[in-house]
There are 2 protein chains.
Amino acid sequence: MSPKITTELLKQLRQVMKSPKYVQEPVQAYIVPSGDAHQSEYIAPCDCRRAFISGFDGSAGTAIVTEQHAAMWTDGRYFLQAAHQMDNNWTLMKMGLKDTPTQEDWLVSVLPEGSKVGVDPFIIPADQWKRMSKALRSAGHDLVPVKENLIDTIWTDCPQRPCKPLITLDLSYTGVSWRDKIVALRSKMAERKVLWFVVTSLDEVAWLFNLRGSDVEYNPVFFAYAVIGMNTIRLFIDGDRMMDPAVREHLQLDSTLEPEFKIQVMPYGSILSELQAVGAGLSPKERVWLSDKASYALTEAIPKAYRYLTPYTPICIAKAVKNPSETEGMRRAHIKDAVALCELFNWLEKEVPKGTVTEIIAADKAEEFRSQQKDFVELSFATISSTGPNGAIIHYKPVPETNRTLSVNEIYLLDSGAQYKDGTTDVTRTMHFGTPSAYEKECFTYVLKGHIAVSAAIFPNGTKGHLLDSFARSALWDCGLDYLHGTGHGVGSFLNVHEGPCGISYKTFADEPLEAGMIVSDEPGYYEDGSFGIRIENVVLVIPAETKYNFKNRGSLTFEPLTLVPIQMKMIDVNLLTHKECNWVNDYHQKCREVIGAELERQGRHEALQWLIRETEPLIRVQ
Amino acid sequence: MSPKITTELLKQLRQVMKSPKYVQEPVQAYIVPSGDAHQSEYIAPCDCRRAFISGFDGSAGTAIVTEQHAAMWTDGRYFLQAAHQMDNNWTLMKMGLKDTPTQEDWLVSVLPEGSKVGVDPFIIPADQWKRMSKALRSAGHDLVPVKENLIDTIWTDCPQRPCKPLITLDLSYTGVSWRDKIVALRSKMAERKVLWFVVTSLDEVAWLFNLRGSDVEYNPVFFAYAVIGMNTIRLFIDGDRMMDPAVREHLQLDSTLEPEFKIQVMPYGSILSELQAVGAGLSPKERVWLSDKASYALTEAIPKAYRYLTPYTPICIAKAVKNPSETEGMRRAHIKDAVALCELFNWLEKEVPKGTVTEIIAADKAEEFRSQQKDFVELSFATISSTGPNGAIIHYKPVPETNRTLSVNEIYLLDSGAQYKDGTTDVTRTMHFGTPSAYEKECFTYVLKGHIAVSAAIFPNGTKGHLLDSFARSALWDCGLDYLHGTGHGVGSFLNVHEGPCGISYKTFADEPLEAGMIVSDEPGYYEDGSFGIRIENVVLVIPAETKYNFKNRGSLTFEPLTLVPIQMKMIDVNLLTHKECNWVNDYHQKCREVIGAELERQGRHEALQWLIRETEPLIRVQ
């Protein structure tokens with residue numbers, strides 16, 4: 001992959017940064033955050049402004065351009081990718097390393113006195129604005145909102161904002177009607193004494209109304225905002241999507257409803273003015289609830305005294321705890337997903353030795369097998385199909401320039417998942433189609449020990465996920481190894497593959513406690529630049545745990561793997577496992593054989609079934 | 001222990017809360033924080049205002065008195081103690097439990113509209129002020145500074161502020177002269193572009209000037225502030241302590257010095273006016289560095305634009321990383337301390353069966369043995385000498401009303417430590433002088449497994465201590481058990497037994513990364529209300545670890561126990577230990593035998609030596 005040449009673009013950006021047409025006063029620096037106006041992680045092509053200006057298209061990163069410099073902050077998953085995709089105009093700022101300056105510190109170090117730093121107020125979250133604005137002000141600079149997005153002014157062939165049809169989900173998928181979700185939300189609002197709630201995240205809008213869309217690749221969401229009052233519901237959405245009879249019926253737009261459940265549909269672009277009107281009409285003590293990650297523009301629409309900001313919204317928290325219908329859906333989705341992967345791995349075992357399977361072919365084949373499954377909608381993220389050194393690029397996506405052929409001499413890492421109408425999957429398996437070296441097996445086994453340590457962990461109710469992160473690393477740490485990413489993220493139910501408010505990461509402190517019904521990933525890894533990557537990922541459900549004692553009657557929790565795909569035994573150095581770990585693997589494989597075996601049988605996939613049976617033989621630990 | 005009767009005192013406090021003599025306008029609530037004007041954890045008798053008003057004298061707690069209510073917030077260590085010490089006027093707010101409101105939320109729920117909440121601005125840390133003030137304001141109330149401390153107005157027999165002689169420490173103890181510490185501090189100030197640094201913590205003043213005092217029991221500190229400029233040093237201290245020739249010589253008060261090392265001695269009480277003068281004389285871009293935990297009063301003395309606030313000061317961070325002189329001193333102190341404890345436990349083994357040893361007698365005996373050691377100064381905290389149910393009161397201190405006799409039927413927990421001129425100790429051992437039950441052994445062994453998991457942990461350079469906390473709990477969690485306190489705290493070098501900026505706790509996120517040379521405690525426990533308490537505590541030194549690999553050349557760290565006191569083997573269910581854990585115990589005991597044995601021999605303490613040899617026999621694990 002060759003880097004994007006950005007010399008001319010940066011020149012143009014620096015010109016508009018000084019142009020009175022776009023800025024009241026010249027800005028000496030311009031920040032290009034990663035997200036869209038909804039602080040989405042995955043964004044529509046029209047919102048990929050940071051990728052447009054820099055070439056770096058990983059899912060996380062912030063670009064800052066000054067008159068002299070262009071710098072990109074990203075985290076350990078993307079160090080290699082960003083270095084490959086950006087040209088010499090750009091300096092890579094490796095977040096999480098000790099000597100990497102924060103954006104604020106860097107700005108202060110490079111800016112001339114009394115500078116203005118511009119940013120699109122619709123794109124920057126309010127909490128980031130606040131932090132950055134404070135830091136800049138204390139060093140004599142100003143953060144200023146630039147209404148027109150400066151990237152858009154130089155992006156001549158910027159794609160249109162998508163506006164695709166909606167999918168309605170009935171109770172058998174969602175378990176709870178949108179009306180009941182509104183009732184529950186209003187009761188949370190009453191508890192906190194707020195009169196209005198502003199829904200700004202796309203997945204929160206989708207979850208609340210039991211609707212799905214396809215405006216953003218991989219995430220079944222649609223561009224919309226909602227403002228919920230105690231007696232009103234306003235949905236801000238564009239296009240003729242609201243003309244669809246199924247949608248009208250689902251939202252009861254044409255029914256005679258109690259007024260408090262009557263949905264007013266308004267144009268997407270009117271959110272700011274409507275919110276300003278709400279803000280202007282508030283009486284003392286009337287408060288408006290927003291996420292503290294809502295955009296600066298929307299947050300500012302509500303006068304400060306009336307704002308009630310929280311890191312996680314009540315929708316985010318309710319959405320994370322899956323109800324029985326959702327949990328059952330997730331189970332079904334994971335069974336189908338495992339069937340597809342058994343087919344794939346069986347196929348790879350036969351084809352890889354022929355030397356004809358590239359990373360892209362393997363990824364396409366994985367999608368093909370998945371798409372044969374019932375209720376398949378799309379992939380849940382860009383498939384990471386990586387062999388040998390590409391495996392060390394943590395969020396690698398094969399493209400023709402980097403596409404490598406799978407072989408019997410290299411480790412193959414496949415991190416992939418899909419959206420089914422009943423659930424979202426995300427699974428990583430690391431395989432060798434020849435004979436792995438002792439060192440590769442050693443590293444794989446440490447990663448497996450970490451995976452098991454989290455999966456089998458028992459912990460009290462109320463424990464936050466970040467307290468489990470070190471369990472995943474302990475075996476690696478003992479040998480001086482580690483990995484530069486978190487261990488797990490929340491997973492949506494036919495929604496975003498990454499969602500809050502829980503996760504397992506040394507970086508997170510504000511996560512909400514784990515609760516039975518939450519679903520997270522468990523995905524430790526080990527990566528050696530230029531050689532190979534290893535990751536073992538299951539999606540796991542938080543469930544109550546039976547324990548011998550019960551301190552303070554708090555109750556305990558543990559995890560149940562929803563992902564049921566064999567872990568390649570030839571990669572395991574069984575003598576590095578304890579008895580307990582060995583039993584865990586055998587129990588897990590037994591369950592894969594039973595549950596997925598039955599489904600393979602039902603679907604008449606006999607060859608894949610034979611593969612599954614072979615791959616789930618019990619491990620035997622030599623004493 | 002019977003509770004303090006506070007009806008009359010609360011009545012008096014509620015009167016002064018409305019008295020125009022003390023408050024400009026009546027306050028509807030008055031906050032009585034735990035600390036003194038230096039945010040000390042251990043405080044002088046004159047500063048024990050919260051204990052005076054409530055009866056609860058644990059080391060952590062905040063009282064809030066309104067016209068109708070009196071409430072006390074404290075953490076899990078003190079739930080039982082606070083419940084015992086407070087009368088029915090008080091409501092105990094158990095921090096860390098899910099349903100306990102924060103102080104702010106509680107105030108909002110009980111206060112009439114538009115209330116004023118008063119607090120002494122010298123006692124409340126600026127960060128707490130900010131948080132509370134914001135929360136109250138957003139609910140329509142005001143936090144107001146009340147200059148005269150309202151507790152002091154009703155505390156007729158309040159003791160005098162102590163003003164005891166100082167101890168000077170030479171280079172053999174400190175490793176670095178105060179001049180060199182000032183030079184290093186100024187270089188940190190130059191790095192951050194600040195012109196002034198305000199030293200507000202007592203232990204930071206003591207460390208900076210290589211002086212010690214005894215104004216506060218257990219903490220060898222003295223009441224003082226310092227303000228360090230790039231060319232000036234101001235020390236705010238009262239009394240005739242500066243007349244002591246040794247102190248004058250140590251600080252070179254009478255020498256001809258370069259002006260930038262000339263110390264100006266000023267009255268303790270003049271800090272606010274001097275700081276206000278500094279604040280008034282600042283030019284744009286001149287900044288003053290303060291801890292964000294400095295008092296609201298001092299922080300307000302510097303106009304907001306000129307403040308540079310950090311959670312940890314450069315002194316706090318430098319102080320935490322012990323230099324070789326300090327480390328060697330800590331080793332010596334721990335050897336002496338272990339000698340004293342071997343004597344004590346040998347004595348207890350003989351005396352307890354006679355039924356004549358109470359908790360207080362045991363604590364006194366521990367102090368007696370410690371005081372026989374060279375350079376003993378005082379205890380480093382109130383000895384926790386607790387048997388049976390008293391052991392479940394985590395920060396118990398025996399008093400005549402609760403004093404229990406040690407017996408062969410109950411678990412005995414001793415958490416004690418001392419200040420020696422060369423170092424500070426803090427050690428907990430849990431013993432049984434008869435035959436422990438299988439359940440007691442089981443619980444003890446889980447705690448031991450947690451202790452070992454932390455002590456033997458290997459982790460990358462740059463790891464924060466809070467990431468290790470779960471290691472200490474894992475064995476307990478597996479059985480549904482836990483403990484409601486952190487796992488470790490920083491330990492000073494002949495300074496406070498609790499110090500920042502590092503620690504091992506699920507509650508801390510802002511801790512600084514662990515570095516070689518830092519010293520922390522490792523003290524998991526298990527407590528059963530009404531029955532027993534178990535804790536195993538060593539003070540451990542962070543040291544580099546040798547590992548098989550070295551990911552990204554980061555290097556690894558581990559711990560070396562400085563505490564060398566046998567862990568009672570009869571409490572261990574050896575079959576619950578892994579081979580690795582068993583070897584850890586045997587290696588640890590071997591080291592105790594060698595190092596402490598040699599010192600017992602040297603001191604001619606032959607009976608204690610025999611006890612040590614008996615207590616350090618290797619454990620044998622039945623396969």
# chains A, B, ... in the order shown; residues from 1 in each chain; ligands from 1

call {"tool": "interface_residues", "arguments": {"of": "chain A", "to": "chain B", "cutoff": "6 Å", "atoms": "only C-alpha atoms", "output": "PyMOL selection string"}}
result
chain A and resi 458-459+477-481+547-551

call {"tool": "select_by_dssp", "arguments": {"residues": "stretch 69-268 of chain B", "states": "strand (DSSP E)", "output": "VMD selection string"}}
result
chain B and resid 70 to 74 91 to 94 116 to 119 142 to 145 167 to 168 196 to 199 211 to 212 224 to 229 233 to 237 263 to 266

call {"tool": "atom_distance", "arguments": {"atom1": "atom CA of B:Lys18", "atom2": "atom CA of B:Ala44"}}
result
28.1 Å

call {"tool": "atom_distance", "arguments": {"atom1": "atom CA of B:Leu541", "atom2": "atom CA of A:Gly486"}}
result
27.9 Å

call {"tool": "atom_distance", "arguments": {"atom1": "atom CA of B:Ala224", "atom2": "atom CA of B:Ala206"}}
result
8.6 Å

call {"tool": "closest_residue", "arguments": {"among": "A:Gly35, A:Gly229, A:Gly391, A:Gly434", "to": "A:Val199", "atoms": "only C-alpha atoms"}}
result
A:Gly229

call {"tool": "select_by_dssp", "arguments": {"residues": "stretch 156-384 of chain B", "states": "alpha helix (DSSP H)", "output": "number ranges by chain"}}
result
B: 171-174, 178-191, 202-209, 245-250, 271-280, 296-301, 314-320, 324-351, 359-371

call {"tool": "residues_around", "arguments": {"residues": "B:Arg212", "least_positions_apart": "2", "cutoff": "12 Å", "atoms": "only C-alpha atoms", "output": "PyMOL selection string"}}
result
chain B and resi 164-170+173-174+202-210+214-216+218-224+241+247+250+377+419-422+493-496

call {"tool": "residues_around", "arguments": {"residues": "B:Leu564", "least_positions_apart": "4", "cutoff": "9 Å", "atoms": "only C-alpha atoms", "output": "short mmCIF file (atom, residue, chain, number, x, y, z; two decimals) with C-alpha atoms, in the first residue's frame"}}
result
data_model
loop_
_atom_site.label_atom_id
_atom_site.label_comp_id
_atom_site.auth_asym_id
_atom_site.auth_seq_id
_atom_site.Cartn_x
_atom_site.Cartn_y
_atom_site.Cartn_z
CA HIS B 334 12.41 -3.79 57.98
CA ILE B 335 15.07 -6.12 59.33
CA ASP B 337 11.09 -4.52 62.57
CA ALA B 338 11.10 -8.24 61.78
CA ASN B 538 4.17 -7.01 53.29
CA TYR B 588 10.19 -16.28 51.22
CA HIS B 589 10.62 -18.18 54.46
CA LYS B 591 14.99 -15.51 53.02
CA CYS B 592 13.36 -14.60 56.36
CA ARG B 593 15.45 -17.29 58.02
CA VAL B 595 18.33 -12.35 56.77
CA ILE B 596 16.38 -12.04 60.01
#

call {"tool": "residues_around", "arguments": {"residues": "A:Thr310", "least_positions_apart": "5", "cutoff": "12 Å", "atoms": "only C-alpha atoms", "output": "MDAnalysis selection string"}}
result
chainID A and resid 126:127 192 197:198 288:294 299 315:317 501 510 512

call {"tool": "residues_around", "arguments": {"residues": "B:Met95", "least_positions_apart": "6", "cutoff": "9 Å", "atoms": "only C-alpha atoms", "output": "PyMOL selection string"}}
result
chain B and resi 73-76+79+101-102

call {"tool": "write_last_selection", "arguments": {"atoms": "N, CA, C and O atoms", "output": "PDB file, in the first residue's frame"}}
result
ATOM      1  N   TRP B  73     -20.130  10.030  55.819  1.00  0.00           N
ATOM      2  CA  TRP B  73     -19.669   9.168  54.729  1.00  0.00           C
ATOM      3  C   TRP B  73     -18.317   8.552  55.102  1.00  0.00           C
ATOM      4  O   TRP B  73     -17.385   9.284  55.464  1.00  0.00           O
ATOM      5  N   THR B  74     -18.234   7.241  55.025  1.00  0.00           N
ATOM      6  CA  THR B  74     -16.920   6.615  55.212  1.00  0.00           C
ATOM      7  C   THR B  74     -16.881   5.340  54.372  1.00  0.00           C
ATOM      8  O   THR B  74     -17.900   4.924  53.812  1.00  0.00           O
ATOM      9  N   ASP B  75     -15.698   4.730  54.253  1.00  0.00           N
ATOM     10  CA  ASP B  75     -15.550   3.581  53.365  1.00  0.00           C
ATOM     11  C   ASP B  75     -15.545   2.266  54.140  1.00  0.00           C
ATOM     12  O   ASP B  75     -15.602   2.245  55.367  1.00  0.00           O
ATOM     13  N   GLY B  76     -15.492   1.169  53.396  1.00  0.00           N
ATOM     14  CA  GLY B  76     -15.676  -0.178  53.937  1.00  0.00           C
ATOM     15  C   GLY B  76     -14.804  -0.526  55.130  1.00  0.00           C
ATOM     16  O   GLY B  76     -15.203  -1.323  55.980  1.00  0.00           O
ATOM     17  N   PHE B  79     -16.999   0.810  58.291  1.00  0.00           N
ATOM     18  CA  PHE B  79     -18.450   0.707  58.491  1.00  0.00           C
ATOM     19  C   PHE B  79     -18.797   0.307  59.929  1.00  0.00           C
ATOM     20  O   PHE B  79     -19.648   0.918  60.574  1.00  0.00           O
ATOM     21  N   PRO B 101     -25.996   7.328  48.473  1.00  0.00           N
ATOM     22  CA  PRO B 101     -25.908   8.549  47.664  1.00  0.00           C
ATOM     23  C   PRO B 101     -24.567   9.236  47.872  1.00  0.00           C
ATOM     24  O   PRO B 101     -23.932   9.086  48.922  1.00  0.00           O
ATOM     25  N   THR B 102     -24.115   9.992  46.869  1.00  0.00           N
ATOM     26  CA  THR B 102     -22.951  10.842  47.076  1.00  0.00           C
ATOM     27  C   THR B 102     -23.358  11.978  48.003  1.00  0.00           C
ATOM     28  O   THR B 102     -24.552  12.226  48.212  1.00  0.00           O
TER      29      THR B 102
END

call {"tool": "residues_around", "arguments": {"residues": "B:Gln264", "least_positions_apart": "4", "cutoff": "9 Å", "atoms": "only C-alpha atoms", "output": "list in words"}}
result
Thr232, Ile233, Arg234, Leu235, Phe236 and Leu253 of chain B
